[in-house]
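Shown next: target29.txt, containing compact mmCIF, C-alpha atoms.
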```
# COMPACT_ATOMS: atom_id res chain seq x y z
CA MET A 1 -6.67 11.31 -11.36
CA ARG A 2 -9.84 9.96 -9.79
CA THR A 3 -10.19 10.06 -6.01
CA ARG A 4 -12.10 7.58 -3.86
CA LYS A 5 -13.24 8.17 -0.30
CA ILE A 6 -12.30 5.86 2.56
CA THR A 7 -15.63 4.60 3.84
CA ASN A 8 -17.28 6.76 6.50
CA THR A 9 -14.37 9.23 6.65
CA THR A 10 -13.53 12.57 5.09
CA VAL A 11 -10.30 11.19 3.58
CA GLY A 12 -10.09 10.61 -0.16
CA VAL A 13 -7.16 8.90 -1.91
CA THR A 14 -6.26 8.97 -5.56
CA GLU A 15 -6.67 5.60 -7.25
CA LEU A 16 -2.90 5.36 -7.64
CA GLY A 17 -0.69 5.98 -4.61
CA PHE A 18 3.03 6.63 -4.14
CA GLY A 19 4.72 4.04 -1.91
CA ALA A 20 7.75 5.63 -0.29
CA SER A 21 9.56 2.52 0.96
CA VAL A 22 12.03 2.56 -1.93
CA ILE A 23 13.04 6.19 -1.38
CA GLY A 24 14.11 4.98 2.08
CA ASN A 25 16.86 3.04 0.26
CA LEU A 26 15.05 -0.30 0.14
CA TYR A 27 17.60 -2.89 -1.07
CA ARG A 28 19.88 -0.20 -2.54
CA VAL A 29 20.71 3.48 -2.33
CA THR A 30 18.26 5.88 -3.95
CA PRO A 31 20.00 9.23 -4.55
CA VAL A 32 18.24 12.11 -2.86
CA GLN A 33 17.62 13.85 -6.18
CA ASP A 34 15.98 10.70 -7.60
CA ALA A 35 13.67 10.57 -4.59
CA ALA A 36 12.75 14.24 -4.95
CA SER A 37 12.15 13.96 -8.69
CA ALA A 38 10.01 10.84 -8.18
CA ILE A 39 7.71 12.71 -5.80
CA GLU A 40 7.59 15.70 -8.16
CA ALA A 41 6.68 13.43 -11.08
CA ALA A 42 3.99 11.75 -8.98
CA TRP A 43 2.53 15.15 -8.14
CA ASP A 44 2.63 16.27 -11.76
CA SER A 45 0.85 13.03 -12.74
CA GLY A 46 -2.02 13.72 -10.37
CA ILE A 47 -1.04 11.35 -7.54
CA ARG A 48 -2.07 12.83 -4.20
CA TYR A 49 -1.72 9.87 -1.84
CA PHE A 50 1.71 9.17 -0.35
CA ASP A 51 2.49 6.31 2.06
CA THR A 52 5.53 5.99 4.32
CA ALA A 53 6.61 4.47 7.66
CA PRO A 54 9.36 4.80 10.29
CA HIS A 55 10.50 1.29 9.30
CA TYR A 56 11.43 2.45 5.80
CA GLY A 57 15.10 3.35 5.96
CA LEU A 58 15.02 3.99 9.72
CA GLY A 59 13.16 7.25 9.14
CA LEU A 60 14.84 8.24 5.87
CA SER A 61 11.66 7.72 3.83
CA GLU A 62 9.66 9.97 6.16
CA GLN A 63 12.34 12.66 6.05
CA ARG A 64 12.56 12.66 2.25
CA LEU A 65 8.80 12.55 1.72
CA GLY A 66 8.18 15.37 4.17
CA ALA A 67 10.86 17.55 2.60
CA ALA A 68 9.41 17.06 -0.88
CA LEU A 69 5.83 17.82 0.18
CA ARG A 70 6.41 20.54 2.75
CA ASP A 71 5.89 23.52 0.44
CA ARG A 72 2.85 22.07 -1.35
CA PRO A 73 -0.71 23.02 -0.34
CA ARG A 74 -1.45 20.76 2.63
CA GLU A 75 -5.13 20.37 1.83
CA GLN A 76 -4.31 18.94 -1.60
CA TYR A 77 -2.59 15.69 -0.56
CA VAL A 78 -2.98 12.76 1.80
CA VAL A 79 -0.11 11.19 3.76
CA SER A 80 -0.19 7.93 5.67
CA SER A 81 2.42 6.56 8.03
CA LYS A 82 2.54 3.72 10.51
CA VAL A 83 3.05 2.85 14.16
CA GLY A 84 4.36 -0.22 15.93
CA ARG A 85 8.10 0.22 15.47
CA LEU A 86 9.78 2.91 17.55
CA LEU A 87 13.19 4.08 16.36
CA VAL A 88 15.62 4.10 19.27
CA PRO A 89 19.43 4.46 19.54
CA ASN A 90 21.29 1.33 18.50
CA GLU A 91 23.73 0.31 21.21
CA ARG A 92 25.55 -2.12 18.89
CA PRO A 93 25.68 -0.62 15.39
CA ARG A 94 27.43 -2.63 12.69
CA GLY A 95 27.40 0.06 10.05
CA VAL A 96 24.41 -0.93 7.90
CA ASP A 97 20.77 -1.75 8.58
CA SER A 98 19.98 -5.46 8.91
CA GLU A 99 16.39 -5.29 7.58
CA GLY A 100 16.90 -4.60 3.91
CA PHE A 101 17.57 -0.86 3.76
CA ALA A 102 20.87 0.62 2.59
CA VAL A 103 21.25 3.03 5.51
CA ARG A 104 23.44 3.33 8.59
CA ASP A 105 22.15 1.49 11.64
CA ASP A 106 22.67 4.20 14.22
CA LEU A 107 19.03 3.56 15.10
CA ARG A 108 17.20 0.29 15.60
CA ARG A 109 13.52 -0.71 15.57
CA GLN A 110 11.73 -1.54 18.81
CA TRP A 111 8.29 -3.17 18.66
CA ASP A 112 5.73 -1.17 20.64
CA PHE A 113 1.96 -1.16 20.09
CA SER A 114 1.17 0.40 23.47
CA ARG A 115 -0.77 3.65 23.71
CA ASP A 116 2.39 5.46 24.81
CA GLY A 117 4.35 3.86 21.98
CA VAL A 118 1.75 5.00 19.45
CA LEU A 119 1.87 8.60 20.68
CA ARG A 120 5.67 8.64 20.75
CA SER A 121 5.82 7.18 17.25
CA LEU A 122 3.41 9.77 15.87
CA ASP A 123 5.33 12.64 17.47
CA ALA A 124 8.57 11.35 15.96
CA THR A 125 7.00 10.95 12.52
CA LEU A 126 5.68 14.51 12.57
CA GLU A 127 9.13 15.73 13.56
CA ARG A 128 10.86 13.78 10.79
CA THR A 129 8.38 14.80 8.09
CA GLY A 130 7.91 18.38 9.27
CA LEU A 131 4.18 18.00 8.53
CA ASP A 132 1.44 19.33 10.76
CA ARG A 133 -0.62 16.14 10.71
CA LEU A 134 -1.06 12.66 9.26
CA ASP A 135 -4.23 11.82 7.35
CA ILE A 136 -4.09 8.02 7.75
CA VAL A 137 -2.24 5.95 10.35
CA TYR A 138 -1.85 2.17 10.19
CA VAL A 139 -0.57 -0.27 12.79
CA HIS A 140 2.33 -1.87 10.94
CA ASP A 141 2.91 -5.64 10.74
CA PRO A 142 1.33 -6.57 14.10
CA ASP A 143 1.46 -10.31 13.24
CA ASP A 144 2.89 -11.30 16.62
CA HIS A 145 1.22 -8.49 18.56
CA TRP A 146 -2.51 -8.88 17.94
CA ARG A 147 -3.66 -8.27 21.48
CA GLN A 148 -1.66 -5.10 22.13
CA ALA A 149 -2.36 -3.74 18.66
CA ALA A 150 -6.11 -4.37 18.92
CA GLU A 151 -6.54 -3.40 22.56
CA GLU A 152 -4.10 -0.50 22.88
CA ALA A 153 -2.87 0.84 19.54
CA LEU A 154 -6.19 0.93 17.67
CA PRO A 155 -8.11 2.52 20.58
CA ALA A 156 -5.37 5.17 20.89
CA LEU A 157 -5.63 5.91 17.17
CA ALA A 158 -9.44 5.91 17.37
CA ASP A 159 -9.30 8.57 20.09
CA LEU A 160 -7.11 10.74 17.86
CA ARG A 161 -9.43 10.18 14.90
CA ASP A 162 -12.49 11.08 16.98
CA GLN A 163 -10.72 14.28 18.08
CA GLY A 164 -10.08 15.16 14.42
CA VAL A 165 -6.30 14.78 14.74
CA ILE A 166 -6.19 11.87 12.25
CA GLY A 167 -8.60 11.32 9.37
CA ALA A 168 -8.62 7.51 9.15
CA ILE A 169 -7.02 4.55 10.93
CA GLY A 170 -6.29 0.93 10.17
CA ALA A 171 -3.66 -1.78 9.81
CA GLY A 172 -1.14 -2.80 7.16
CA MET A 173 0.17 -6.36 6.75
CA ASN A 174 1.37 -9.04 4.35
CA GLN A 175 -1.34 -11.45 5.53
CA SER A 176 -5.07 -11.10 5.09
CA ALA A 177 -6.55 -13.20 7.92
CA MET A 178 -5.56 -10.81 10.71
CA LEU A 179 -6.56 -7.81 8.62
CA ALA A 180 -10.04 -9.32 8.48
CA ARG A 181 -10.04 -9.40 12.28
CA PHE A 182 -9.08 -5.73 12.40
CA LEU A 183 -12.02 -4.90 10.14
CA ARG A 184 -14.46 -7.03 12.11
CA GLU A 185 -13.29 -6.46 15.68
CA THR A 186 -11.73 -2.98 15.89
CA ALA A 187 -12.42 0.63 14.94
CA ALA A 188 -10.27 0.37 11.79
CA ASP A 189 -11.59 2.29 8.77
CA VAL A 190 -9.19 0.89 6.19
CA VAL A 191 -6.54 -1.79 5.79
CA MET A 192 -3.45 -1.90 3.61
CA LEU A 193 -3.34 -5.36 2.04
CA ALA A 194 0.05 -6.47 0.72
CA GLY A 195 0.26 -9.10 -1.99
CA ARG A 196 -2.89 -11.06 -1.16
CA TYR A 197 -5.17 -9.84 -3.93
CA THR A 198 -3.13 -10.06 -7.10
CA LEU A 199 -3.18 -11.96 -10.37
CA LEU A 200 -1.17 -14.69 -8.64
CA ASP A 201 -2.79 -14.72 -5.19
CA GLN A 202 -6.47 -14.09 -4.48
CA SER A 203 -6.50 -15.49 -0.93
CA ALA A 204 -7.99 -12.23 0.38
CA LEU A 205 -11.30 -13.37 -1.13
CA ASP A 206 -11.50 -15.82 1.78
CA ASP A 207 -11.30 -13.31 4.60
CA VAL A 208 -10.41 -9.62 4.40
CA LEU A 209 -12.45 -8.71 1.32
CA PRO A 210 -15.68 -10.30 2.60
CA ALA A 211 -15.06 -8.58 5.94
CA ALA A 212 -14.62 -5.23 4.20
CA ARG A 213 -17.89 -5.65 2.31
CA GLU A 214 -19.77 -6.91 5.35
CA HIS A 215 -18.70 -3.99 7.52
CA GLY A 216 -18.63 -1.33 4.80
CA LYS A 217 -14.90 -0.60 5.13
CA SER A 218 -12.14 0.10 2.63
CA VAL A 219 -9.01 -1.67 1.37
CA ILE A 220 -5.82 -0.27 -0.15
CA ALA A 221 -3.87 -2.79 -2.24
CA VAL A 222 -0.06 -2.87 -2.26
CA GLY A 223 2.43 -5.44 -3.50
CA VAL A 224 0.37 -6.00 -6.63
CA PHE A 225 3.46 -7.13 -8.55
CA ASN A 226 4.18 -9.82 -5.91
CA SER A 227 7.77 -8.59 -5.39
CA GLY A 228 8.43 -8.09 -9.09
CA LEU A 229 7.26 -11.19 -10.94
CA LEU A 230 4.26 -9.35 -12.41
CA SER A 231 6.16 -6.14 -13.17
CA GLN A 232 7.49 -7.16 -16.62
CA ASP A 233 5.64 -7.95 -19.83
CA ARG A 234 7.34 -11.36 -20.00
CA PRO A 235 8.41 -12.86 -16.63
CA THR A 236 11.72 -14.72 -16.59
CA PRO A 237 13.37 -17.22 -14.21
CA GLY A 238 15.23 -15.56 -11.34
CA MET A 239 12.60 -12.91 -10.72
CA LYS A 240 11.23 -12.50 -7.20
CA TYR A 241 7.87 -13.68 -5.89
CA ASP A 242 6.87 -12.71 -2.36
CA TYR A 243 10.45 -11.61 -1.54
CA LYS A 244 12.05 -14.90 -2.68
CA ASP A 245 13.20 -16.39 -5.98
CA ALA A 246 10.04 -17.40 -7.83
CA PRO A 247 9.53 -21.19 -8.09
CA PRO A 248 9.43 -22.50 -11.68
CA GLU A 249 5.72 -23.33 -11.49
CA ILE A 250 4.91 -19.76 -10.42
CA VAL A 251 7.02 -18.34 -13.25
CA ALA A 252 5.15 -20.63 -15.68
CA ARG A 253 1.82 -19.39 -14.35
CA ALA A 254 2.92 -15.76 -14.68
CA LEU A 255 3.95 -16.46 -18.28
CA ALA A 256 0.54 -17.98 -18.97
CA LEU A 257 -1.08 -14.83 -17.53
CA ALA A 258 1.17 -12.67 -19.72
CA GLU A 259 0.19 -14.57 -22.86
CA VAL A 260 -3.52 -14.09 -22.20
CA CYS A 261 -2.91 -10.40 -21.53
CA GLU A 262 -1.13 -10.07 -24.88
CA ARG A 263 -4.05 -11.71 -26.69
CA HIS A 264 -6.32 -9.04 -25.21
CA GLY A 265 -4.06 -6.19 -26.29
CA THR A 266 -2.64 -5.34 -22.90
CA THR A 267 0.37 -6.26 -20.75
CA LEU A 268 0.90 -8.21 -17.57
CA PRO A 269 1.92 -5.20 -15.41
CA ALA A 270 -1.01 -3.10 -16.67
CA ALA A 271 -3.36 -5.95 -15.78
CA ALA A 272 -1.66 -6.39 -12.40
CA ILE A 273 -2.40 -2.74 -11.53
CA ALA A 274 -5.97 -2.91 -12.83
CA PHE A 275 -6.87 -6.26 -11.24
CA PRO A 276 -7.46 -5.16 -7.60
CA PHE A 277 -10.10 -2.68 -8.73
CA SER A 278 -12.24 -5.66 -9.75
CA HIS A 279 -13.30 -5.77 -6.10
CA PRO A 280 -15.62 -2.96 -4.94
CA SER A 281 -13.95 -2.59 -1.52
CA ILE A 282 -10.53 -1.79 -3.00
CA ILE A 283 -10.19 1.94 -3.55
CA ASN A 284 -6.49 2.37 -4.30
CA VAL A 285 -3.37 0.63 -5.56
CA THR A 286 -0.13 2.00 -4.10
CA LEU A 287 3.17 1.27 -5.86
CA GLY A 288 6.75 1.74 -4.71
CA MET A 289 8.46 4.14 -7.11
CA ARG A 290 12.15 5.03 -6.94
CA ASN A 291 12.60 7.68 -9.65
CA GLN A 292 10.63 9.78 -12.10
CA GLU A 293 10.91 7.21 -14.89
CA GLN A 294 9.24 4.56 -12.72
CA VAL A 295 6.51 7.00 -11.77
CA ARG A 296 5.73 7.93 -15.35
CA HIS A 297 5.78 4.30 -16.45
CA ASN A 298 3.42 3.18 -13.68
CA VAL A 299 1.03 6.06 -14.26
CA GLU A 300 0.94 5.17 -17.95
CA LEU A 301 0.20 1.53 -17.06
CA HIS A 302 -2.59 2.63 -14.73
CA ARG A 303 -4.17 4.69 -17.50
CA ARG A 304 -4.16 1.87 -20.05
CA HIS A 305 -7.45 0.27 -20.95
CA VAL A 306 -7.67 -3.32 -19.71
CA PRO A 307 -10.66 -5.06 -21.31
CA GLU A 308 -13.24 -6.78 -19.12
CA ALA A 309 -13.00 -9.79 -21.42
CA LEU A 310 -9.50 -10.42 -20.06
CA TRP A 311 -10.82 -11.33 -16.61
CA ASP A 312 -13.47 -13.58 -18.16
CA ASP A 313 -10.78 -15.38 -20.15
CA LEU A 314 -8.50 -15.76 -17.10
CA ARG A 315 -11.40 -17.22 -15.11
CA ALA A 316 -12.27 -19.62 -17.90
CA GLN A 317 -8.68 -20.87 -18.08
CA GLY A 318 -8.40 -21.28 -14.31
CA LEU A 319 -5.67 -18.64 -14.04
CA ILE A 320 -7.66 -16.59 -11.52
CA ARG A 321 -10.34 -17.77 -9.13
CA PRO A 322 -13.89 -18.12 -10.46
CA ASP A 323 -15.23 -15.96 -7.61
CA VAL A 324 -13.20 -12.89 -8.61
CA PRO A 325 -15.86 -10.17 -9.15
CA THR A 326 -16.30 -8.67 -12.58
CA ARG A 327 -15.46 -5.02 -13.05
CA HIS A 328 -19.11 -4.45 -14.06
CA SER A 329 -20.42 -5.95 -10.83
CA ALA A 330 -17.88 -4.00 -8.77
CA GLU A 331 -18.86 -0.69 -10.33
CA ASN A 332 -22.55 -1.36 -9.87
CA THR A 333 -22.48 -2.68 -6.31
CA PRO A 334 -22.97 0.20 -3.89
CA GLU A 335 -20.82 0.05 -0.79
CA LYS A 336 -21.79 1.73 2.45
CA GLY A 337 -20.09 5.11 2.48
CA VAL A 338 -17.98 4.52 -0.64
CA ARG A 339 -18.05 7.59 -2.85
CA VAL A 340 -16.14 8.42 -6.01
CA VAL A 341 -14.99 12.04 -6.20
CA PRO A 342 -14.38 13.64 -9.63
CA ASP A 343 -10.88 14.72 -10.57
CA GLY A 344 -9.61 17.72 -8.67
CA GLN A 345 -11.95 17.34 -5.71
CA GLY A 346 -11.72 15.71 -2.34
CA HIS A 347 -9.21 15.80 0.51
```
How does the structure come out when it is put into structure tokens?
Amino acid sequence: MRTRKITNTTVGVTELGFGASVIGNLYRVTPVQDAASAIEAAWDSGIRYFDTAPHYGLGLSEQRLGAALRDRPREQYVVSSKVGRLLVPNERPRGVDSEGFAVRDDLRRQWDFSRDGVLRSLDATLERTGLDRLDIVYVHDPDDHWRQAAEEALPALADLRDQGVIGAIGAGMNQSAMLARFLRETAADVVMLAGRYTLLDQSALDDVLPAAREHGKSVIAVGVFNSGLLSQDRPTPGMKYDYKDAPPEIVARALALAEVCERHGTTLPAAAIAFPFSHPSIINVTLGMRNQEQVRHNVELHRRHVPEALWDDLRAQGLIRPDVPTRHSAENTPEKGVRVVPDGQGH
């Protein structure tokens, strides 16, 4: 699988990444063997970028990911985790986590973007994963904590990066406006953009993607199925869009997208995975994958040919914005520091 470098760093990520939130029991229990087999299938498919966070299952995701990767050659894969939520003892446990993960709530999350909080969070992550280092670290969901994240967390991470302890640093959020500020105003190398550059939402074209191009920085796209609505060939009522039941008009738009995809010999989920790569600053799409069947299916979707004419047709019908770049222009627009590494090479 092709690897792309994060601008101005030594870190390269495969075009498809493994999102480990679901193996932290997001929404429902994922058996430990399913989690292990999912990571093994990802490895066998050529995926070498794995993303996790303390938030995911109150540390369970980090524990499972670390256990599955621990005996693999460390120089052959890239792991990212996040800071901003410390896990501390829960003085009032109720038996189950209140933030969407099917785990016991013996721990609770405590917001902390201070320098000390960052260092404590990283130490805890390394202990949970059993890894010797993290390759990428993001500040996680700092929506209500801009000042501390920008003035304390990012400088702390930048110091570690400059010392060679971390390979790349950035921020991960569900909004794009603040991510643009991180790219413009901080030492961030890369941002993880959730759900804001998809077939149904191209709002990142107004802020974070121009900022990435202007400053020669990189973007990793997640949430490309917009919580599930774009994950099936034919969307149906009752599916989720941005974590809620999809409104009828959004379902109708997704169906219209699916019909155009079918006319071009492809499917809606294959197009949803391919779409972010239309922008030259986006170097990776990371997907949450719960078991080996999901991994194999998503890898197969990623490998499918999606014709350039599809995007032209979607623009012409007003189903995506007219300023969405063409794949041809993206591939022929050099970005500062962006480098494609052939299969089997790169960090």
Quick one, how far is CA of Cys261 in chain A from CA of Gly223 in chain A?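 Answer for the CA of Cys261 in chain A to CA of Gly223 in chain A separation: 19.4 Å.
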Within 9 Å of range 87-93 of chain A, counting only C-alpha atoms, which residues qualify if same-chain residues fewer than 6 places away don't, as a ChimeraX atom specification? /A:54-55,58-59,104-110,121,124
List as a list of chain:residue names the protein and nucleic acid residues near range 316-326 of chain A, meaning an atom at most 9 Å away when all atoms listed in the file are counted, but skip any in the same chain fewer than 3 places from it.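 Result of the neighbour search: A:Leu199, A:Leu200, A:Asp201, A:Gln202, A:Leu205, A:Arg253, A:Ala256, A:Leu257, A:Ser278, A:His279, A:Pro280, A:Glu308, A:Trp311, A:Asp312, A:Asp313, A:Ser329, A:Ala330, A:Glu331.
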Contacts of Met239 in chain A at 12 Å or less, counting only C-alpha atoms, minus same-chain residues fewer than 4 places along, as JSON, numbers by chain? {"A": [225, 226, 227, 228, 229, 230, 231, 232, 234, 235, 243, 244, 245, 246, 247, 248, 250, 251, 252, 254]}
Quick one: distance from CA of Gly167 in chain A to CA of Val224 in chain A in Å, one decimal? 25.2 Å
Name the closest residue to Arg2 in chain A among the candidates A:Ile47, A:Leu209, A:Val191, A:Ala258; distances are taken between atoms, counting all atoms listed in the file.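 Checking each of A:Ile47, A:Leu209, A:Val191, A:Ala258 against Arg2 in chain A, counting all atoms listed in the file, the winner is A:Ile47.
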What is the distance, in Å and to one decimal place, between CA of Val222 in chain A and CA of Ala41 in chain A?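 CA of Val222 in chain A sits 19.7 Å away from CA of Ala41 in chain A.
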Using all atoms listed in the file for the distances, tell me which of A:Asn174, A:Ser81, A:Gln292, A:Thr10 is nearest to Ser203 in chain A.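 Using all atoms listed in the file, Ser203 in chain A sits closest to A:Asn174.
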Place a sphere of radius 6 Å on (2.6, 5.7, -0.6) in the file coordinates and name every protein, DNA or RNA residue with an atom inside or on its surface, counting only C-alpha atoms; give the answer as a PDB file with C-alpha atoms, keeping the file's coordinate frame.
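The resulting result-v2.pdb:
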```pdb
ATOM      1  CA  GLY A  17      -0.690   5.980  -4.610  1.00  0.00           C
ATOM      2  CA  PHE A  18       3.030   6.630  -4.140  1.00  0.00           C
ATOM      3  CA  GLY A  19       4.720   4.040  -1.910  1.00  0.00           C
ATOM      4  CA  ALA A  20       7.750   5.630  -0.290  1.00  0.00           C
ATOM      5  CA  PHE A  50       1.710   9.170  -0.350  1.00  0.00           C
ATOM      6  CA  ASP A  51       2.490   6.310   2.060  1.00  0.00           C
ATOM      7  CA  THR A  52       5.530   5.990   4.320  1.00  0.00           C
ATOM      8  CA  THR A 286      -0.130   2.000  -4.100  1.00  0.00           C
TER       9      THR A 286
END
```
Just checking: using all atoms listed in the file, which residue out of A:Arg133, A:His140, A:Arg28, A:Arg48 ends up closest to Arg4 in chain A?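 Ranking A:Arg133, A:His140, A:Arg28, A:Arg48 by distance to Arg4 in chain A, first place goes to A:Arg48.
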Using only C-alpha atoms, which residue out of A:Glu62, A:Asp143, A:Asp34, A:Asp242 lies closest to Ser21 in chain A?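 So, comparing all the options, the nearest one is A:Glu62.
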Hey, what's within 9 Å of Leu183 in chain A if we count only C-alpha atoms and toss same-chain stuff fewer than 6 positions away? As a short mmCIF file (atom, residue, chain, number, x, y, z; two decimals) with C-alpha atoms, in the coordinates of the input, please?
```cif
data_model
loop_
_atom_site.label_atom_id
_atom_site.label_comp_id
_atom_site.auth_asym_id
_atom_site.auth_seq_id
_atom_site.Cartn_x
_atom_site.Cartn_y
_atom_site.Cartn_z
CA GLY A 170 -6.29 0.93 10.17
CA ALA A 171 -3.66 -1.78 9.81
CA ASP A 189 -11.59 2.29 8.77
CA VAL A 190 -9.19 0.89 6.19
CA VAL A 191 -6.54 -1.79 5.79
CA VAL A 208 -10.41 -9.62 4.40
CA ALA A 211 -15.06 -8.58 5.94
CA ALA A 212 -14.62 -5.23 4.20
CA HIS A 215 -18.70 -3.99 7.52
CA LYS A 217 -14.90 -0.60 5.13
#
```
Since the input lacks atoms, please generate N, CA, C and O atoms for range 101-117 of chain A and provide them as a JSON list (two decimals), keeping the file's coordinate frame.
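Contents of result.json, freshly written:
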```
[["chain", "number", "residue", "atom", "x", "y", "z"],
["A", 101, "PHE", "N", 17.43, -2.23, 4.22],
["A", 101, "PHE", "CA", 17.57, -0.86, 3.76],
["A", 101, "PHE", "C", 19.05, -0.46, 3.78],
["A", 101, "PHE", "O", 19.76, -0.74, 4.75],
["A", 102, "ALA", "N", 19.47, 0.22, 2.72],
["A", 102, "ALA", "CA", 20.87, 0.62, 2.59],
["A", 102, "ALA", "C", 21.09, 1.94, 3.32],
["A", 102, "ALA", "O", 21.28, 3.01, 2.71],
["A", 103, "VAL", "N", 21.05, 1.86, 4.65],
["A", 103, "VAL", "CA", 21.25, 3.03, 5.51],
["A", 103, "VAL", "C", 22.10, 2.61, 6.70],
["A", 103, "VAL", "O", 22.20, 1.42, 7.04],
["A", 104, "ARG", "N", 22.70, 3.59, 7.36],
["A", 104, "ARG", "CA", 23.44, 3.33, 8.59],
["A", 104, "ARG", "C", 22.49, 2.87, 9.69],
["A", 104, "ARG", "O", 21.32, 3.27, 9.72],
["A", 105, "ASP", "N", 23.00, 2.03, 10.57],
["A", 105, "ASP", "CA", 22.15, 1.49, 11.64],
["A", 105, "ASP", "C", 22.40, 2.16, 12.98],
["A", 105, "ASP", "O", 22.47, 1.50, 14.02],
["A", 106, "ASP", "N", 22.52, 3.49, 12.97],
["A", 106, "ASP", "CA", 22.67, 4.20, 14.22],
["A", 106, "ASP", "C", 21.41, 4.10, 15.08],
["A", 106, "ASP", "O", 21.45, 4.29, 16.29],
["A", 107, "LEU", "N", 20.29, 3.82, 14.41],
["A", 107, "LEU", "CA", 19.03, 3.56, 15.10],
["A", 107, "LEU", "C", 18.65, 2.11, 14.91],
["A", 107, "LEU", "O", 19.15, 1.43, 14.00],
["A", 108, "ARG", "N", 17.76, 1.63, 15.76],
["A", 108, "ARG", "CA", 17.20, 0.29, 15.60],
["A", 108, "ARG", "C", 15.69, 0.37, 15.86],
["A", 108, "ARG", "O", 15.19, 1.32, 16.45],
["A", 109, "ARG", "N", 14.97, -0.65, 15.40],
["A", 109, "ARG", "CA", 13.52, -0.71, 15.57],
["A", 109, "ARG", "C", 13.18, -1.44, 16.86],
["A", 109, "ARG", "O", 13.77, -2.47, 17.16],
["A", 110, "GLN", "N", 12.20, -0.92, 17.57],
["A", 110, "GLN", "CA", 11.73, -1.54, 18.81],
["A", 110, "GLN", "C", 10.21, -1.69, 18.72],
["A", 110, "GLN", "O", 9.49, -0.71, 18.61],
["A", 111, "TRP", "N", 9.74, -2.94, 18.74],
["A", 111, "TRP", "CA", 8.29, -3.17, 18.66],
["A", 111, "TRP", "C", 7.59, -2.51, 19.84],
["A", 111, "TRP", "O", 8.01, -2.67, 20.99],
["A", 112, "ASP", "N", 6.50, -1.79, 19.56],
["A", 112, "ASP", "CA", 5.73, -1.17, 20.64],
["A", 112, "ASP", "C", 4.37, -0.75, 20.10],
["A", 112, "ASP", "O", 4.26, 0.22, 19.34],
["A", 113, "PHE", "N", 3.33, -1.49, 20.49],
["A", 113, "PHE", "CA", 1.96, -1.16, 20.09],
["A", 113, "PHE", "C", 1.15, -0.63, 21.28],
["A", 113, "PHE", "O", -0.07, -0.62, 21.24],
["A", 114, "SER", "N", 1.85, -0.18, 22.32],
["A", 114, "SER", "CA", 1.17, 0.40, 23.47],
["A", 114, "SER", "C", 0.65, 1.79, 23.11],
["A", 114, "SER", "O", 1.07, 2.40, 22.12],
["A", 115, "ARG", "N", -0.27, 2.30, 23.94],
["A", 115, "ARG", "CA", -0.77, 3.65, 23.71],
["A", 115, "ARG", "C", 0.38, 4.66, 23.74],
["A", 115, "ARG", "O", 0.47, 5.53, 22.87],
["A", 116, "ASP", "N", 1.26, 4.54, 24.72],
["A", 116, "ASP", "CA", 2.39, 5.46, 24.81],
["A", 116, "ASP", "C", 3.29, 5.32, 23.59],
["A", 116, "ASP", "O", 3.78, 6.31, 23.05],
["A", 117, "GLY", "N", 3.52, 4.08, 23.16],
["A", 117, "GLY", "CA", 4.35, 3.86, 21.98],
["A", 117, "GLY", "C", 3.75, 4.49, 20.73],
["A", 117, "GLY", "O", 4.48, 5.06, 19.90]]
```
